[in-house]
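Student: Dropping a structure here in structure tokens format, bear with me for questions.
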Amino acid sequence: MSSTDTSYDSRFIPMDGVHNFRDYGGYSSRHGGQVKTGLLWRSGHHSEASDADLAKVDEAALAHVIDLRGNSERAKHACRRSDAFSAEVLLFDGETAGLNLAPHEQAGGRATDAASAHEAMTQLYANLPNREPLLWILRHYFAALSQGQGASLVHCAAGKDRTGMACDLLHHVLGVHPDDAMADYLLTNHAPNNEERIEHGRELMDKKYGAMDIETVRVLMGVHEDYLHAARKAVEASHGSVDAFLCDVLEVDDAMQDALRLHYLSQ
């Protein structure tokens with residue numbers, strides 16, 4: 001069982017226009033010590049970031065930003081950067097999401113109620129480990145972090161699905177207990193201004209798919225343990241284990257895993 005305190009109050013950095021900006025370090029590791037804090041950040045996109053938000057991003061002193069979105073998503077919601085921004089931005093030149101839509105938006109097209117929305121999200125997660133464009137950028141995510149050059153930020157559109165999978169895989173490498181990794185994933189449901197975000201999501205879904213009840217939108221805009229379990233099970237079913245998937249598909253070999261633990265675990 002997990003022994004880490006997964007309270008979320010101190011993990012989030014409140015932002016005006018950036019959703020779900022938080023530190024995903026701080027968890028105990030089976031390799032000893034804890035995952036360092038202040039180095040591993042995750043969030044949604046930054047297209048609506050205020051100047052104050054950009055200043056907070058700059059305070060993180062990022063060496064790398066890994067944008068898991070595709071070209072269509074970036075064109076629609078281009079991230080704002082301050083004049084002081086100097087991080088290397090890693091991205092895939094193409095599309096990383098089906099139908100050029102973020103997973104929650106894609107699932108909305110198959111959702112008639114909360115139950116069908118849940119099923120659509122679960123099925124989409126089961127397919128995430130098979131999306132080669134997403135796997136391409138995940139390889140670069142791990143390679144960049146293994147260099148240990150400083151803090152990093154990984155994000156997608158909402159900062160919950162593709163980003164959630166990326167963080168879960170890194171937590172596995174760093175020896176974070178699966179329960180702690182799941183708890184971190186579920187923190188998305190407690191992000192500051194989450195209810196406002198859900199209401200905004202309903203407005204967008206209504207425009208795209210027609211009127212949708214709030215509980216259905218809540219399922220699409222949130223996360224559930226079934227979703228991440230689906231991605232984990234898909235990896236194990238196709239590759240035998242998460243470790244085999246990391247090595248054979250994402251090219252995270254023993255040397256890279258050792259480097260990641262060296263840089264991000266404190267003894």
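Letters A, B, ... mark the chains of the structure tokens in the order given; residue numbers begin at 1 per chain; ligand numbers begin at 1, in order shown.
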Write out as a VMD selection string which residues come within 8 Å of range 218-225 of chain A when counting only C-alpha atoms, dropping same-chain ones fewer than 3 positions away.

Tutor: chain A and resid 104 to 105 107 to 108 114 117 to 118 121 160 to 161 182 185 to 186 188 to 189 198 201 214 to 215 228 to 229

Student: Please provide as JSON, numbers by chain all residues within 6 Å of Ile66 in chain A, with the sequence filter that same-chain residues fewer than 3 positions apart are discarded (counting only C-alpha atoms).

Tutor: {"A": [89, 90, 154]}

Student: Would you write out those residues with C-alpha atoms, as a PDB file, in the first residue's frame?

Tutor:
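The resulting file, selection_18.pdb, is reproduced below:
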ATOM      1  CA  VAL A  89       9.811  23.109 -26.730  1.00  0.00           C
ATOM      2  CA  LEU A  90       9.465  19.536 -27.955  1.00  0.00           C
ATOM      3  CA  VAL A 154       4.561  18.302 -19.934  1.00  0.00           C
TER       4      VAL A 154
END

Student: Using DSSP assignments from the backbone, pull out every residue in range 67-187 of chain A that falls under alpha helix (DSSP H) and give it to me as a PyMOL selection string.

Tutor: chain A and resi 71-76+103-108+114-127+132-146+162-173+178-186

Student: Given only C-alpha atoms as the basis, pick out the residue of A:Ala166, A:Ala158, A:Val35, A:Ala61 nearest to Val18 in chain A.

Tutor: A:Ala158

Student: Just want the 12 Å neighbourhood of Ala97 in chain A, counted on only C-alpha atoms, with same-chain residues fewer than 2 positions away dropped. Output as an MDAnalysis selection string.

Tutor: chainID A and resid 68:74 92 94:95 99:107 124:125 127:135 156:157 161:162

Student: Those same residues, written as a JSON list (two decimals), in the first residue's frame with C-alpha atoms?

Tutor:
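This is the output file again-v2.json:
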[["chain", "number", "residue", "atom", "x", "y", "z"],
["A", 68, "LEU", "CA", 1.83, 16.38, -26.45],
["A", 69, "ARG", "CA", -0.71, 18.02, -28.74],
["A", 70, "GLY", "CA", -0.76, 17.87, -32.53],
["A", 71, "ASN", "CA", -0.50, 20.63, -35.10],
["A", 72, "SER", "CA", -4.25, 21.24, -35.38],
["A", 73, "GLU", "CA", -4.60, 21.67, -31.62],
["A", 74, "ARG", "CA", -1.62, 24.01, -31.44],
["A", 92, "PHE", "CA", 5.41, 16.22, -32.90],
["A", 94, "GLY", "CA", 1.65, 16.10, -37.12],
["A", 95, "GLU", "CA", -1.37, 14.91, -35.17],
["A", 99, "LEU", "CA", -9.85, 13.18, -35.48],
["A", 100, "ASN", "CA", -7.40, 15.96, -34.54],
["A", 101, "LEU", "CA", -9.32, 16.34, -31.28],
["A", 102, "ALA", "CA", -8.22, 16.01, -27.68],
["A", 103, "PRO", "CA", -9.42, 12.68, -26.21],
["A", 104, "HIS", "CA", -12.22, 14.26, -24.16],
["A", 105, "GLU", "CA", -13.48, 16.12, -27.24],
["A", 106, "GLN", "CA", -13.30, 12.98, -29.35],
["A", 107, "ALA", "CA", -15.20, 11.01, -26.71],
["A", 124, "LEU", "CA", -9.88, 5.95, -25.88],
["A", 125, "TYR", "CA", -7.41, 5.37, -23.06],
["A", 127, "ASN", "CA", -5.94, 2.97, -27.50],
["A", 128, "LEU", "CA", -3.53, 5.67, -26.31],
["A", 129, "PRO", "CA", -0.54, 3.26, -26.08],
["A", 130, "ASN", "CA", -1.07, 2.38, -29.77],
["A", 131, "ARG", "CA", -0.89, 5.90, -31.18],
["A", 132, "GLU", "CA", 2.50, 6.08, -32.87],
["A", 133, "PRO", "CA", 2.61, 9.92, -33.08],
["A", 134, "LEU", "CA", 1.96, 10.10, -29.34],
["A", 135, "LEU", "CA", 4.60, 7.43, -28.72],
["A", 156, "CYS", "CA", -1.55, 18.51, -23.74],
["A", 157, "ALA", "CA", -4.89, 20.27, -24.21],
["A", 161, "ASP", "CA", -5.36, 12.34, -20.62],
["A", 162, "ARG", "CA", -2.18, 12.19, -22.73]]

Student: Residues at most 12 Å from range 9-14 of chain A, counting only C-alpha atoms, excluding those fewer than 4 positions away in the same chain, as a PDB file with N, CA and C atoms, in the first residue's frame?

Tutor:
ATOM      1  N   ASP A   5       1.777  10.926   1.539  1.00  0.00           N
ATOM      2  CA  ASP A   5       0.668  11.865   1.709  1.00  0.00           C
ATOM      3  C   ASP A   5       0.362  12.481   0.356  1.00  0.00           C
ATOM      4  N   VAL A  18      -4.492  29.075 -17.038  1.00  0.00           N
ATOM      5  CA  VAL A  18      -3.852  27.777 -17.295  1.00  0.00           C
ATOM      6  C   VAL A  18      -4.446  26.770 -16.328  1.00  0.00           C
ATOM      7  N   HIS A  19      -5.032  25.711 -16.864  1.00  0.00           N
ATOM      8  CA  HIS A  19      -5.722  24.732 -16.022  1.00  0.00           C
ATOM      9  C   HIS A  19      -4.767  23.638 -15.555  1.00  0.00           C
ATOM     10  N   ASN A  20      -4.947  23.212 -14.304  1.00  0.00           N
ATOM     11  CA  ASN A  20      -4.319  21.988 -13.812  1.00  0.00           C
ATOM     12  C   ASN A  20      -2.789  22.081 -13.759  1.00  0.00           C
ATOM     13  N   PHE A  21      -2.254  23.247 -13.450  1.00  0.00           N
ATOM     14  CA  PHE A  21      -0.797  23.422 -13.365  1.00  0.00           C
ATOM     15  C   PHE A  21      -0.344  22.935 -11.996  1.00  0.00           C
ATOM     16  N   ARG A  22       0.469  21.875 -11.993  1.00  0.00           N
ATOM     17  CA  ARG A  22       0.874  21.310 -10.705  1.00  0.00           C
ATOM     18  C   ARG A  22       2.165  20.518 -10.799  1.00  0.00           C
ATOM     19  N   ASP A  23       2.735  20.306  -9.620  1.00  0.00           N
ATOM     20  CA  ASP A  23       3.962  19.547  -9.438  1.00  0.00           C
ATOM     21  C   ASP A  23       3.592  18.072  -9.261  1.00  0.00           C
ATOM     22  N   TYR A  24       4.190  17.190 -10.082  1.00  0.00           N
ATOM     23  CA  TYR A  24       3.886  15.768  -9.898  1.00  0.00           C
ATOM     24  C   TYR A  24       5.058  15.002  -9.288  1.00  0.00           C
ATOM     25  N   GLY A  25       5.919  15.713  -8.573  1.00  0.00           N
ATOM     26  CA  GLY A  25       6.955  15.085  -7.774  1.00  0.00           C
ATOM     27  C   GLY A  25       6.487  14.930  -6.341  1.00  0.00           C
ATOM     28  N   GLY A  26       7.433  14.555  -5.454  1.00  0.00           N
ATOM     29  CA  GLY A  26       7.141  14.490  -4.032  1.00  0.00           C
ATOM     30  C   GLY A  26       6.690  13.146  -3.509  1.00  0.00           C
ATOM     31  N   TYR A  27       6.586  12.126  -4.369  1.00  0.00           N
ATOM     32  CA  TYR A  27       6.105  10.824  -3.929  1.00  0.00           C
ATOM     33  C   TYR A  27       7.256   9.907  -3.524  1.00  0.00           C
ATOM     34  N   THR A  37      10.765  17.589  -5.787  1.00  0.00           N
ATOM     35  CA  THR A  37       9.749  18.576  -6.147  1.00  0.00           C
ATOM     36  C   THR A  37      10.404  19.763  -6.848  1.00  0.00           C
ATOM     37  N   GLY A  38       9.586  20.540  -7.548  1.00  0.00           N
ATOM     38  CA  GLY A  38      10.087  21.732  -8.224  1.00  0.00           C
ATOM     39  C   GLY A  38      10.745  21.467  -9.561  1.00  0.00           C
ATOM     40  N   LEU A  40       9.317  18.694 -11.863  1.00  0.00           N
ATOM     41  CA  LEU A  40       8.380  18.020 -12.760  1.00  0.00           C
ATOM     42  C   LEU A  40       7.012  18.693 -12.671  1.00  0.00           C
ATOM     43  N   TRP A  41       6.640  19.367 -13.752  1.00  0.00           N
ATOM     44  CA  TRP A  41       5.389  20.114 -13.797  1.00  0.00           C
ATOM     45  C   TRP A  41       4.511  19.588 -14.919  1.00  0.00           C
ATOM     46  N   ARG A  42       3.201  19.719 -14.730  1.00  0.00           N
ATOM     47  CA  ARG A  42       2.223  19.310 -15.734  1.00  0.00           C
ATOM     48  C   ARG A  42       1.080  20.324 -15.760  1.00  0.00           C
ATOM     49  N   SER A  43       0.389  20.405 -16.891  1.00  0.00           N
ATOM     50  CA  SER A  43      -0.709  21.370 -16.998  1.00  0.00           C
ATOM     51  C   SER A  43      -1.488  21.137 -18.281  1.00  0.00           C
ATOM     52  N   ALA A  49      -3.252  31.958 -21.031  1.00  0.00           N
ATOM     53  CA  ALA A  49      -2.453  32.380 -19.880  1.00  0.00           C
ATOM     54  C   ALA A  49      -2.419  33.901 -19.763  1.00  0.00           C
ATOM     55  N   SER A  50      -2.572  34.389 -18.548  1.00  0.00           N
ATOM     56  CA  SER A  50      -2.432  35.823 -18.296  1.00  0.00           C
ATOM     57  C   SER A  50      -0.953  36.158 -18.162  1.00  0.00           C
ATOM     58  N   ALA A  52       0.370  37.363 -15.573  1.00  0.00           N
ATOM     59  CA  ALA A  52       0.749  36.854 -14.255  1.00  0.00           C
ATOM     60  C   ALA A  52       1.036  35.359 -14.316  1.00  0.00           C
ATOM     61  N   ASP A  53       0.258  34.621 -15.117  1.00  0.00           N
ATOM     62  CA  ASP A  53       0.512  33.190 -15.297  1.00  0.00           C
ATOM     63  C   ASP A  53       1.881  32.968 -15.924  1.00  0.00           C
ATOM     64  N   LEU A  54       2.195  33.757 -16.934  1.00  0.00           N
ATOM     65  CA  LEU A  54       3.481  33.599 -17.619  1.00  0.00           C
ATOM     66  C   LEU A  54       4.643  33.858 -16.668  1.00  0.00           C
ATOM     67  N   ALA A  55       4.454  34.794 -15.764  1.00  0.00           N
ATOM     68  CA  ALA A  55       5.501  35.070 -14.772  1.00  0.00           C
ATOM     69  C   ALA A  55       5.702  33.864 -13.859  1.00  0.00           C
ATOM     70  N   LYS A  56       4.599  33.199 -13.493  1.00  0.00           N
ATOM     71  CA  LYS A  56       4.714  32.002 -12.653  1.00  0.00           C
ATOM     72  C   LYS A  56       5.403  30.871 -13.413  1.00  0.00           C
ATOM     73  N   VAL A  57       5.104  30.740 -14.691  1.00  0.00           N
ATOM     74  CA  VAL A  57       5.778  29.726 -15.505  1.00  0.00           C
ATOM     75  C   VAL A  57       7.278  30.012 -15.555  1.00  0.00           C
ATOM     76  N   GLU A  59       9.025  31.432 -13.336  1.00  0.00           N
ATOM     77  CA  GLU A  59       9.613  31.129 -12.031  1.00  0.00           C
ATOM     78  C   GLU A  59      10.004  29.659 -11.915  1.00  0.00           C
ATOM     79  N   ALA A  60       9.375  28.808 -12.710  1.00  0.00           N
ATOM     80  CA  ALA A  60       9.706  27.382 -12.682  1.00  0.00           C
ATOM     81  C   ALA A  60      11.045  27.101 -13.339  1.00  0.00           C
ATOM     82  N   ASP A 184      -2.216  10.778  -7.901  1.00  0.00           N
ATOM     83  CA  ASP A 184      -1.760  11.983  -8.586  1.00  0.00           C
ATOM     84  C   ASP A 184      -2.584  12.231  -9.839  1.00  0.00           C
ATOM     85  N   LEU A 187      -5.928  13.811  -9.170  1.00  0.00           N
ATOM     86  CA  LEU A 187      -5.942  15.186  -8.663  1.00  0.00           C
ATOM     87  C   LEU A 187      -6.521  16.172  -9.665  1.00  0.00           C
ATOM     88  N   THR A 188      -6.542  15.793 -10.942  1.00  0.00           N
ATOM     89  CA  THR A 188      -7.167  16.650 -11.946  1.00  0.00           C
ATOM     90  C   THR A 188      -8.581  17.049 -11.528  1.00  0.00           C
ATOM     91  N   ASN A 189      -9.288  16.146 -10.879  1.00  0.00           N
ATOM     92  CA  ASN A 189     -10.666  16.428 -10.464  1.00  0.00           C
ATOM     93  C   ASN A 189     -10.746  17.452  -9.338  1.00  0.00           C
ATOM     94  N   HIS A 190      -9.608  17.820  -8.759  1.00  0.00           N
ATOM     95  CA  HIS A 190      -9.576  18.790  -7.669  1.00  0.00           C
ATOM     96  C   HIS A 190      -8.833  20.070  -8.056  1.00  0.00           C
ATOM     97  N   ALA A 191      -8.594  20.258  -9.334  1.00  0.00           N
ATOM     98  CA  ALA A 191      -7.867  21.447  -9.783  1.00  0.00           C
ATOM     99  C   ALA A 191      -8.633  22.719  -9.428  1.00  0.00           C
ATOM    100  N   PRO A 192      -7.917  23.796  -9.124  1.00  0.00           N
ATOM    101  CA  PRO A 192      -8.589  25.068  -8.838  1.00  0.00           C
ATOM    102  C   PRO A 192      -9.501  25.475 -10.009  1.00  0.00           C
ATOM    103  N   ASN A 193     -10.621  26.054  -9.693  1.00  0.00           N
ATOM    104  CA  ASN A 193     -11.574  26.530 -10.696  1.00  0.00           C
ATOM    105  C   ASN A 193     -12.092  25.395 -11.593  1.00  0.00           C
ATOM    106  N   ASN A 194     -12.137  24.180 -11.034  1.00  0.00           N
ATOM    107  CA  ASN A 194     -12.526  23.034 -11.849  1.00  0.00           C
ATOM    108  C   ASN A 194     -13.979  23.127 -12.308  1.00  0.00           C
TER     109      ASN A 194
END

Student: Give me, as a PyMOL selection string, the residues of range 87-172 of chain A that a backbone DSSP run labels strand (DSSP E).

Tutor: chain A and resi 88-90+151-155

Student: Put those residues in a file: C-alpha atoms, as a PDB file, in the first residue's frame.

Tutor:
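Result written to selection04.pdb:
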ATOM      1  CA  GLU A  88      13.277  24.074 -25.448  1.00  0.00           C
ATOM      2  CA  VAL A  89       9.811  23.109 -26.730  1.00  0.00           C
ATOM      3  CA  LEU A  90       9.465  19.536 -27.955  1.00  0.00           C
ATOM      4  CA  ALA A 151      12.781  21.554 -14.632  1.00  0.00           C
ATOM      5  CA  SER A 152      10.315  20.409 -17.272  1.00  0.00           C
ATOM      6  CA  LEU A 153       6.646  20.882 -18.099  1.00  0.00           C
ATOM      7  CA  VAL A 154       4.561  18.302 -19.934  1.00  0.00           C
ATOM      8  CA  HIS A 155       1.131  19.299 -21.200  1.00  0.00           C
TER       9      HIS A 155
END
